[in-house]
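Undergrad: Just work-v1.txt, nothing more (compact mmCIF, C-alpha atoms and all ligand atoms):
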```
# COMPACT_ATOMS: atom_id res chain seq x y z
CA MET A 198 3.90 38.14 111.22
CA GLN A 199 2.04 38.96 108.07
CA ALA A 200 4.58 41.00 106.14
CA PRO A 201 7.21 38.30 105.51
CA GLU A 202 4.44 36.06 104.12
CA ILE A 203 3.33 38.81 101.76
CA VAL A 204 6.86 39.29 100.53
CA THR A 205 7.22 35.55 99.97
CA THR A 206 4.00 35.39 97.96
CA ARG A 207 4.97 38.31 95.80
CA ARG A 208 8.44 36.99 95.29
CA ALA A 209 6.96 33.72 94.07
CA VAL A 210 4.80 35.50 91.53
CA ILE A 211 7.70 37.27 89.93
CA THR A 212 9.95 34.22 89.81
CA GLY A 213 12.36 34.58 86.96
CA LEU A 214 12.75 38.32 87.33
CA ALA A 215 16.02 38.05 89.16
CA SER A 216 16.77 41.74 88.98
CA VAL A 217 13.45 42.48 90.66
CA ALA A 218 14.05 40.03 93.49
CA GLY A 219 17.20 41.94 94.30
CA VAL A 220 15.34 45.12 95.09
CA LEU A 221 12.43 43.60 97.04
CA LEU A 222 12.34 44.93 100.55
CA ALA A 223 12.56 42.40 103.32
CA GLY A 224 11.38 42.76 106.93
CA CYS A 225 9.70 46.11 106.37
CA SER A 226 6.39 45.43 108.12
CA GLU A 227 6.31 48.79 109.92
CA GLU A 228 6.79 50.58 106.60
CA LEU A 229 3.88 48.91 104.85
CA PRO A 230 0.63 50.78 104.33
CA PRO A 231 -2.28 49.35 106.33
CA THR A 232 -3.75 47.38 103.47
CA TYR A 233 -3.84 43.64 103.81
CA GLY A 234 -2.46 43.10 100.39
CA ASN A 235 -2.55 40.35 97.90
CA VAL A 236 -0.43 40.05 94.83
CA LEU A 237 -2.14 43.03 93.20
CA ARG A 238 -0.72 45.26 95.90
CA MET A 239 2.88 44.42 95.11
CA GLY A 240 3.43 48.11 94.55
CA ASP A 241 3.40 48.49 98.33
CA VAL A 242 6.70 46.68 98.67
CA LEU A 243 8.36 47.13 95.30
CA THR A 244 10.68 50.01 94.62
CA TYR A 245 10.72 52.38 91.66
CA LYS A 246 13.48 50.28 90.14
CA ALA A 247 11.45 47.09 90.37
CA GLN A 248 8.34 48.77 88.98
CA ARG A 249 10.26 49.97 85.95
CA VAL A 250 10.94 46.29 85.16
CA LEU A 251 7.28 45.40 85.70
CA LEU A 252 5.80 48.27 83.68
CA PRO A 253 4.40 46.04 80.91
CA ARG A 254 2.19 44.34 83.53
CA HIS A 255 -0.07 47.37 83.84
CA ALA A 256 -3.59 46.66 82.57
CA LEU A 257 -5.47 49.71 81.31
CA VAL A 258 -8.85 50.66 82.75
CA ARG A 259 -11.66 50.95 80.26
CA GLN A 260 -11.72 54.06 78.10
CA TYR A 261 -14.92 55.42 76.63
CA ALA A 262 -16.03 57.33 73.53
CA HIS A 263 -16.96 61.01 73.35
CA ARG A 264 -20.67 60.13 73.18
CA ASP A 265 -20.36 58.40 76.59
CA ILE A 266 -19.34 61.61 78.41
CA THR A 267 -21.82 62.50 81.17
CA SER A 268 -22.29 65.46 83.43
CA ILE A 269 -20.06 65.20 86.48
CA PRO A 270 -20.81 66.79 89.84
CA ALA A 271 -18.11 68.73 91.66
CA ILE A 272 -17.65 66.97 94.97
CA GLY A 273 -15.70 67.68 98.13
CA ASN A 274 -13.91 70.99 98.11
CA THR A 275 -14.98 73.07 95.10
CA ASP A 276 -12.97 76.23 95.85
CA PRO A 277 -9.87 76.20 98.08
CA ALA A 278 -10.16 79.99 98.53
CA ASP A 279 -13.61 79.67 100.15
CA SER A 280 -13.18 79.71 103.92
CA HIS A 281 -16.67 78.25 104.45
CA GLN A 282 -15.73 74.91 102.92
CA GLU A 283 -15.01 72.00 105.20
CA THR A 284 -11.42 71.43 104.12
CA PHE A 285 -10.42 75.11 103.85
CA SER A 286 -6.75 75.71 104.64
CA ALA A 287 -6.01 79.01 106.35
CA ALA A 288 -2.37 78.49 105.34
CA ARG A 289 -2.88 77.82 101.62
CA GLY A 290 -6.38 79.13 100.78
CA PRO A 291 -5.24 82.77 100.40
CA ASP A 292 -2.33 81.63 98.19
CA TYR A 293 -4.80 79.84 95.96
CA GLU A 294 -6.95 82.95 95.69
CA ARG A 295 -3.93 85.03 94.62
CA LEU A 296 -2.74 82.44 92.08
CA ARG A 297 -6.21 82.09 90.59
CA ALA A 298 -6.52 85.89 90.26
CA GLY A 299 -3.38 85.77 88.12
CA GLY A 300 -4.75 83.04 85.89
CA PHE A 301 -2.39 80.56 87.58
CA ALA A 302 0.58 82.10 85.72
CA ASP A 303 2.52 82.08 89.02
CA TRP A 304 1.34 78.61 90.08
CA ARG A 305 4.20 76.13 90.48
CA LEU A 306 3.95 72.44 91.23
CA SER A 307 6.74 71.45 93.59
CA ILE A 308 8.15 67.92 93.23
CA GLU A 309 10.50 66.85 95.98
CA GLY A 310 11.63 63.98 98.20
CA ALA A 311 13.40 60.88 96.90
CA VAL A 312 14.28 62.40 93.54
CA ALA A 313 17.58 63.43 91.98
CA ARG A 314 16.32 66.78 90.67
CA PRO A 315 13.68 68.30 92.97
CA GLY A 316 12.13 71.37 91.48
CA THR A 317 9.04 73.25 90.45
CA TYR A 318 6.97 73.14 87.28
CA SER A 319 4.73 75.82 85.85
CA LEU A 320 1.54 74.95 84.01
CA LEU A 321 3.28 75.71 80.70
CA GLU A 322 6.17 73.44 81.59
CA LEU A 323 3.79 70.57 82.39
CA GLN A 324 1.99 71.21 79.10
CA ARG A 325 5.28 70.92 77.20
CA PHE A 326 5.58 67.22 78.10
CA PRO A 327 3.86 64.76 75.75
CA ALA A 328 0.16 64.81 76.69
CA ARG A 329 -2.27 61.97 77.21
CA THR A 330 -6.04 62.26 76.77
CA GLN A 331 -8.42 59.63 78.16
CA ILE A 332 -12.17 59.32 78.62
CA THR A 333 -12.69 57.42 81.85
CA LYS A 334 -15.28 56.70 84.50
CA HIS A 335 -14.84 58.42 87.84
CA THR A 336 -16.28 56.34 90.69
CA CYS A 337 -16.87 58.14 93.97
CA GLU A 338 -16.98 56.25 97.24
CA GLU A 339 -20.34 57.94 97.89
CA GLY A 340 -21.93 55.80 95.19
CA TRP A 341 -22.09 57.90 92.03
CA SER A 342 -20.03 57.64 88.91
CA ALA A 343 -19.53 59.87 85.88
CA ILE A 344 -17.57 59.81 82.64
CA ALA A 345 -15.32 62.66 81.55
CA GLU A 346 -12.37 63.34 79.27
CA TRP A 347 -9.09 64.21 80.96
CA THR A 348 -5.91 65.59 79.40
CA GLY A 349 -2.58 65.84 81.14
CA VAL A 350 0.94 64.58 81.50
CA PRO A 351 1.46 61.00 82.69
CA LEU A 352 2.86 61.08 86.22
CA ARG A 353 5.51 58.60 85.18
CA THR A 354 6.85 61.08 82.61
CA VAL A 355 7.29 63.70 85.31
CA LEU A 356 8.82 61.17 87.72
CA ALA A 357 11.35 60.24 85.05
CA ALA A 358 12.14 63.94 84.52
CA VAL A 359 12.88 64.56 88.20
CA GLY A 360 14.86 61.33 88.46
CA THR A 361 13.00 59.24 91.04
CA ARG A 362 15.51 57.38 93.21
CA PRO A 363 15.56 53.59 92.62
CA SER A 364 14.57 52.99 96.27
CA ALA A 365 11.42 55.17 96.13
CA ARG A 366 8.12 53.38 96.86
CA PHE A 367 5.36 55.97 97.33
CA VAL A 368 4.18 59.26 95.83
CA ASN A 369 2.21 61.69 97.99
CA PHE A 370 0.09 64.59 96.76
CA TYR A 371 -0.67 67.75 98.73
CA ALA A 372 -3.49 70.11 97.77
CA PHE A 373 -4.35 73.77 98.40
CA ASP A 374 -7.14 72.65 100.76
CA GLU A 375 -6.60 70.44 103.83
CA THR A 376 -6.24 67.33 101.70
CA ALA A 377 -3.39 65.01 100.87
CA ASP A 378 -3.22 61.44 99.67
CA GLY A 379 -0.70 58.95 98.40
CA ILE A 380 -0.27 56.03 96.02
CA ASP A 381 2.32 53.31 95.57
CA MET A 382 4.76 53.12 92.67
CA PHE A 383 2.59 50.61 90.83
CA ASP A 384 -0.23 53.14 90.48
CA ALA A 385 2.17 56.10 90.14
CA LEU A 386 3.74 54.51 87.06
CA HIS A 387 0.42 53.36 85.60
CA PRO A 388 0.10 54.87 82.10
CA GLN A 389 -3.36 56.29 82.91
CA THR A 390 -2.25 58.03 86.10
CA ILE A 391 -1.95 61.61 84.90
CA LEU A 392 -1.54 65.15 86.18
CA ALA A 393 -4.60 66.58 84.42
CA TYR A 394 -4.84 70.20 83.30
CA GLY A 395 -7.63 69.64 80.77
CA MET A 396 -11.19 68.38 81.20
CA ASN A 397 -13.64 67.80 78.33
CA GLY A 398 -11.44 69.81 75.98
CA ARG A 399 -10.98 72.87 78.21
CA ALA A 400 -8.87 73.88 81.19
CA VAL A 401 -9.86 72.00 84.35
CA PRO A 402 -12.54 74.20 86.00
CA ILE A 403 -11.94 75.50 89.52
CA ALA A 404 -14.53 73.17 91.06
CA HIS A 405 -12.89 70.13 89.45
CA GLY A 406 -9.37 70.92 90.66
CA ALA A 407 -7.76 73.79 88.73
CA PRO A 408 -5.15 74.28 87.60
CA VAL A 409 -3.92 70.68 87.87
CA ARG A 410 -5.42 67.63 89.54
CA LEU A 411 -4.37 64.03 89.83
CA ARG A 412 -6.28 61.29 88.00
CA VAL A 413 -5.77 57.82 89.48
CA GLU A 414 -8.08 55.78 87.28
CA THR A 415 -7.41 52.51 89.14
CA GLN A 416 -8.81 53.80 92.43
CA LEU A 417 -11.91 55.47 93.89
CA GLY A 418 -12.55 59.16 93.39
CA TYR A 419 -11.06 60.53 96.57
CA LYS A 420 -7.56 59.42 95.53
CA SER A 421 -7.71 61.82 92.56
CA VAL A 422 -6.47 64.84 94.51
CA LYS A 423 -7.65 68.20 93.15
CA PHE A 424 -5.86 71.60 93.35
CA LEU A 425 -2.34 70.12 93.42
CA GLN A 426 0.30 72.12 95.23
CA ARG A 427 3.14 69.69 96.03
CA ILE A 428 4.25 66.15 95.22
CA VAL A 429 6.56 64.30 97.58
CA VAL A 430 8.22 61.00 96.61
CA THR A 431 9.10 58.79 99.59
CA GLU A 432 10.86 55.55 100.41
CA LYS A 433 8.71 54.95 103.50
CA PHE A 434 4.95 54.87 103.89
CA ASP A 435 3.46 58.11 105.27
CA ASP A 436 -0.18 58.17 106.42
CA LEU A 437 -0.13 61.98 105.92
CA GLY A 438 -1.63 62.62 109.36
CA LYS A 439 -4.88 64.55 109.48
CA LEU A 440 -4.57 65.53 105.82
CA GLY A 441 -4.57 61.89 104.69
CA PRO A 442 -7.44 59.44 104.25
CA LEU A 443 -6.78 57.10 107.19
CA GLN A 444 -7.57 59.43 110.08
CA GLY A 445 -10.89 60.25 108.43
CA GLY A 446 -11.77 56.56 108.31
CA TRP A 447 -11.04 55.91 104.64
CA SER A 448 -8.92 53.16 103.15
CA TRP A 449 -5.46 54.15 102.03
CA TYR A 450 -5.78 51.76 99.10
CA ALA A 451 -9.12 52.19 97.30
CA GLY A 452 -8.79 49.99 94.23
CA ILE A 453 -11.81 49.66 92.00
N1 LIG B 1 -8.06 68.60 97.11
C1 LIG B 1 -9.16 67.84 97.06
N2 LIG B 1 -9.22 66.81 96.20
C2 LIG B 1 -10.31 66.02 96.12
C3 LIG B 1 -11.42 66.24 96.98
C4 LIG B 1 -11.35 67.33 97.88
O1 LIG B 1 -12.28 67.64 98.65
N3 LIG B 1 -10.20 68.12 97.89
N4 LIG B 1 -12.51 65.39 96.91
C5 LIG B 1 -12.28 64.06 96.32
C6 LIG B 1 -13.50 63.29 96.03
S1 LIG B 1 -14.26 62.51 97.33
C7 LIG B 1 -13.94 63.09 94.77
S2 LIG B 1 -15.23 62.06 94.41
C8 LIG B 1 -13.32 63.81 93.64
C9 LIG B 1 -14.38 64.65 92.96
O2 LIG B 1 -13.88 65.23 91.80
P1 LIG B 1 -14.83 66.21 91.00
O3 LIG B 1 -15.18 67.34 91.92
O4 LIG B 1 -14.05 66.62 89.80
O5 LIG B 1 -16.08 65.41 90.63
O6 LIG B 1 -12.26 64.65 94.01
C10 LIG B 1 -11.46 64.15 95.05
N5 LIG B 1 -10.32 65.01 95.21
MO MO B 2 -15.62 60.97 96.38
```
Could you render the structure as structure tokens?

TA:
Amino acid sequence: MQAPEIVTTRRAVITGLASVAGVLLAGCSEELPPTYGNVLRMGDVLTYKAQRVLLPRHALVRQYAHRDITSIPAIGNTDPADSHQETFSAARGPDYERLRAGGFADWRLSIEGAVARPGTYSLLELQRFPARTQITKHTCEEGWSAIAEWTGVPLRTVLAAVGTRPSARFVNFYAFDETADGIDMFDALHPQTILAYGMNGRAVPIAHGAPVRLRVETQLGYKSVKFLQRIVVTEKFDDLGKLGPLQGGWSWYAGI
């Protein structure tokens, strides 16, 4: 019985935050992601409401200067419309091709699930939110790293706009290729977790995830899903089946 112990440990750490204790989930072992957490993984069991209280606890990852920017390879899928690529989606690849041909004017990011106001956002609508620009190091699980500048809207701004339900615990991201991945509320509300539409001062290039990609600066590269199509907020853990990392042998939590 590992889960109750985890909950006890985490509860001890946040002693004094009575309002947080009230929204801790108890006895939810089958809903926990398969990471054998320590206190840093408290996002796995804490709800949106609890994370709002804990927001000041977020430590920022290192940010770099313009002179530190390096070249960055395009890795994994580099064009969701290309049927020869390993993660090509017959269902969504042709949609991507059509949207790209129109300069992504018709692209809409759908945000649904445990939110009060599910809906869709155009690129322009995302760009109307206050933007954040950060120069960060991308670390790929294959062993390389690179520094680039990313501009976008903090995910937490968008989550606030759609009205994430207090009980929500995870945010899952679906791409135009056969890729999906998820993060807990702790990383979703991290100030450096952004929906990026700009890279090194220009629009995100196709190979790097156009028109909008996720940047999760606290985790390894594969969690930063490119070519975003849909975001689903959930109360329960979802391994995302064959689209997700686990069935391919990767960790769900890939903290750096
Ligand atoms: N949709 C999608 N997102 C993805 C991938 C992918 O193949 N498809 N590859 C991941 C991996 S393993 C890495 S290292 C980064 C690479 O981002 P880059 O191409 O901008 O360097 O994107 C991640 N996001
Ligand atoms: Mo990667």

Undergrad: Please, which residues have at least one atom within 10 Å of an atom of ligand MO 2 (chain B), using all atoms listed in the file, listed as JSON, numbers by chain?

TA: {"A": [271, 272, 273, 335, 336, 337, 338, 339, 340, 341, 342, 417, 418, 419, 420, 421]}

Undergrad: Expressed in Å to a single decimal, how great is the separation between atom CA of A:Gly438 and atom CA of A:Pro351?

TA: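 Separation of atom CA of A:Gly438 and atom CA of A:Pro351: 26.9 Å.
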
Undergrad: What is the distance between atom CA of A:Ser448 and atom CA of A:Gly379, in Å to one decimal?

TA: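 Here the two named atoms are 11.1 Å from each other.
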
Undergrad: I'd like to know which of A:Ala278, A:Val422, A:Val359, A:Ala343 is closest to A:Arg295, using only C-alpha atoms.

TA: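 Closest to A:Arg295, using only C-alpha atoms: A:Ala278.
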
Undergrad: Using only C-alpha atoms and all ligand atoms, find the one residue out of A:Gln331, A:Thr267, A:Gln248, A:Gln260 that sits nearest to ligand LIG 1 (chain B).

TA: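 The answer is A:Thr267, which sits nearest to ligand LIG 1 (chain B).
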
Undergrad: Have a look at A:Ala407, A:Ala357, A:Ala313, A:Ile308 and name the one nearest to A:Asp276; count only C-alpha atoms.

TA: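 For A:Asp276, the nearest of the candidates is A:Ala407.
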
Undergrad: How about completing stretch 400-411 of chain A with all heavy atoms and giving it to me as an mmCIF file, in the coordinates of the input?

TA:
```cif
data_model
loop_
_atom_site.group_PDB
_atom_site.id
_atom_site.type_symbol
_atom_site.label_atom_id
_atom_site.label_comp_id
_atom_site.auth_asym_id
_atom_site.auth_seq_id
_atom_site.Cartn_x
_atom_site.Cartn_y
_atom_site.Cartn_z
ATOM 1 N N ALA A 400 -9.653 73.910 79.953
ATOM 2 C CA ALA A 400 -8.870 73.880 81.190
ATOM 3 C C ALA A 400 -9.724 73.271 82.298
ATOM 4 O O ALA A 400 -10.943 73.445 82.315
ATOM 5 C CB ALA A 400 -8.445 75.297 81.564
ATOM 6 N N VAL A 401 -9.110 72.562 83.222
ATOM 7 C CA VAL A 401 -9.860 72.000 84.350
ATOM 8 C C VAL A 401 -10.526 73.155 85.106
ATOM 9 O O VAL A 401 -9.847 74.097 85.520
ATOM 10 C CB VAL A 401 -8.915 71.226 85.301
ATOM 11 C CG1 VAL A 401 -9.640 70.826 86.580
ATOM 12 C CG2 VAL A 401 -8.347 69.982 84.618
ATOM 13 N N PRO A 402 -11.868 73.120 85.264
ATOM 14 C CA PRO A 402 -12.540 74.200 86.000
ATOM 15 C C PRO A 402 -12.132 74.214 87.473
ATOM 16 O O PRO A 402 -11.682 73.194 88.008
ATOM 17 C CB PRO A 402 -14.029 73.829 85.870
ATOM 18 C CG PRO A 402 -14.117 72.851 84.741
ATOM 19 C CD PRO A 402 -12.806 72.124 84.733
ATOM 20 N N ILE A 403 -12.284 75.366 88.101
ATOM 21 C CA ILE A 403 -11.940 75.500 89.520
ATOM 22 C C ILE A 403 -12.539 74.353 90.343
ATOM 23 O O ILE A 403 -11.837 73.656 91.079
ATOM 24 C CB ILE A 403 -12.459 76.852 90.091
ATOM 25 C CG1 ILE A 403 -11.836 78.035 89.344
ATOM 26 C CG2 ILE A 403 -12.189 76.949 91.598
ATOM 27 C CD1 ILE A 403 -10.355 78.198 89.518
ATOM 28 N N ALA A 404 -13.841 74.140 90.201
ATOM 29 C CA ALA A 404 -14.530 73.170 91.060
ATOM 30 C C ALA A 404 -14.008 71.745 90.880
ATOM 31 O O ALA A 404 -14.143 70.910 91.771
ATOM 32 C CB ALA A 404 -16.036 73.210 90.773
ATOM 33 N N HIS A 405 -13.394 71.488 89.725
ATOM 34 C CA HIS A 405 -12.890 70.130 89.450
ATOM 35 C C HIS A 405 -11.383 70.018 89.671
ATOM 36 O O HIS A 405 -10.794 68.998 89.315
ATOM 37 C CB HIS A 405 -13.261 69.710 88.038
ATOM 38 C CG HIS A 405 -14.730 69.472 87.845
ATOM 39 N ND1 HIS A 405 -15.389 68.374 88.366
ATOM 40 C CD2 HIS A 405 -15.692 70.207 87.222
ATOM 41 C CE1 HIS A 405 -16.676 68.430 88.041
ATOM 42 N NE2 HIS A 405 -16.888 69.551 87.360
ATOM 43 N N GLY A 406 -10.761 71.086 90.241
ATOM 44 C CA GLY A 406 -9.370 70.920 90.660
ATOM 45 C C GLY A 406 -8.325 71.797 90.008
ATOM 46 O O GLY A 406 -7.143 71.454 90.027
ATOM 47 N N ALA A 407 -8.722 72.921 89.418
ATOM 48 C CA ALA A 407 -7.760 73.790 88.730
ATOM 49 C C ALA A 407 -6.592 74.214 89.618
ATOM 50 O O ALA A 407 -6.761 74.336 90.824
ATOM 51 C CB ALA A 407 -8.491 75.068 88.239
ATOM 52 N N PRO A 408 -5.412 74.430 89.022
ATOM 53 C CA PRO A 408 -5.150 74.280 87.600
ATOM 54 C C PRO A 408 -4.786 72.843 87.192
ATOM 55 O O PRO A 408 -4.921 72.491 86.046
ATOM 56 C CB PRO A 408 -3.946 75.210 87.365
ATOM 57 C CG PRO A 408 -3.211 75.168 88.667
ATOM 58 C CD PRO A 408 -4.270 75.059 89.732
ATOM 59 N N VAL A 409 -4.341 72.057 88.171
ATOM 60 C CA VAL A 409 -3.920 70.680 87.870
ATOM 61 C C VAL A 409 -4.395 69.751 88.976
ATOM 62 O O VAL A 409 -4.250 70.062 90.167
ATOM 63 C CB VAL A 409 -2.375 70.583 87.735
ATOM 64 C CG1 VAL A 409 -1.947 69.129 87.521
ATOM 65 C CG2 VAL A 409 -1.882 71.447 86.571
ATOM 66 N N ARG A 410 -4.982 68.646 88.588
ATOM 67 C CA ARG A 410 -5.420 67.630 89.540
ATOM 68 C C ARG A 410 -4.841 66.284 89.139
ATOM 69 O O ARG A 410 -4.475 66.068 87.988
ATOM 70 C CB ARG A 410 -6.934 67.512 89.559
ATOM 71 C CG ARG A 410 -7.466 66.806 88.324
ATOM 72 C CD ARG A 410 -8.937 66.504 88.391
ATOM 73 N NE ARG A 410 -9.305 65.623 89.477
ATOM 74 C CZ ARG A 410 -10.564 65.433 89.871
ATOM 75 N NH1 ARG A 410 -11.542 66.081 89.256
ATOM 76 N NH2 ARG A 410 -10.847 64.612 90.840
ATOM 77 N N LEU A 411 -4.797 65.389 90.099
ATOM 78 C CA LEU A 411 -4.370 64.030 89.830
ATOM 79 C C LEU A 411 -5.553 63.219 89.307
ATOM 80 O O LEU A 411 -6.701 63.449 89.722
ATOM 81 C CB LEU A 411 -3.864 63.414 91.145
ATOM 82 C CG LEU A 411 -3.395 61.965 91.098
ATOM 83 C CD1 LEU A 411 -2.151 61.819 90.237
ATOM 84 C CD2 LEU A 411 -3.115 61.469 92.514
#
```
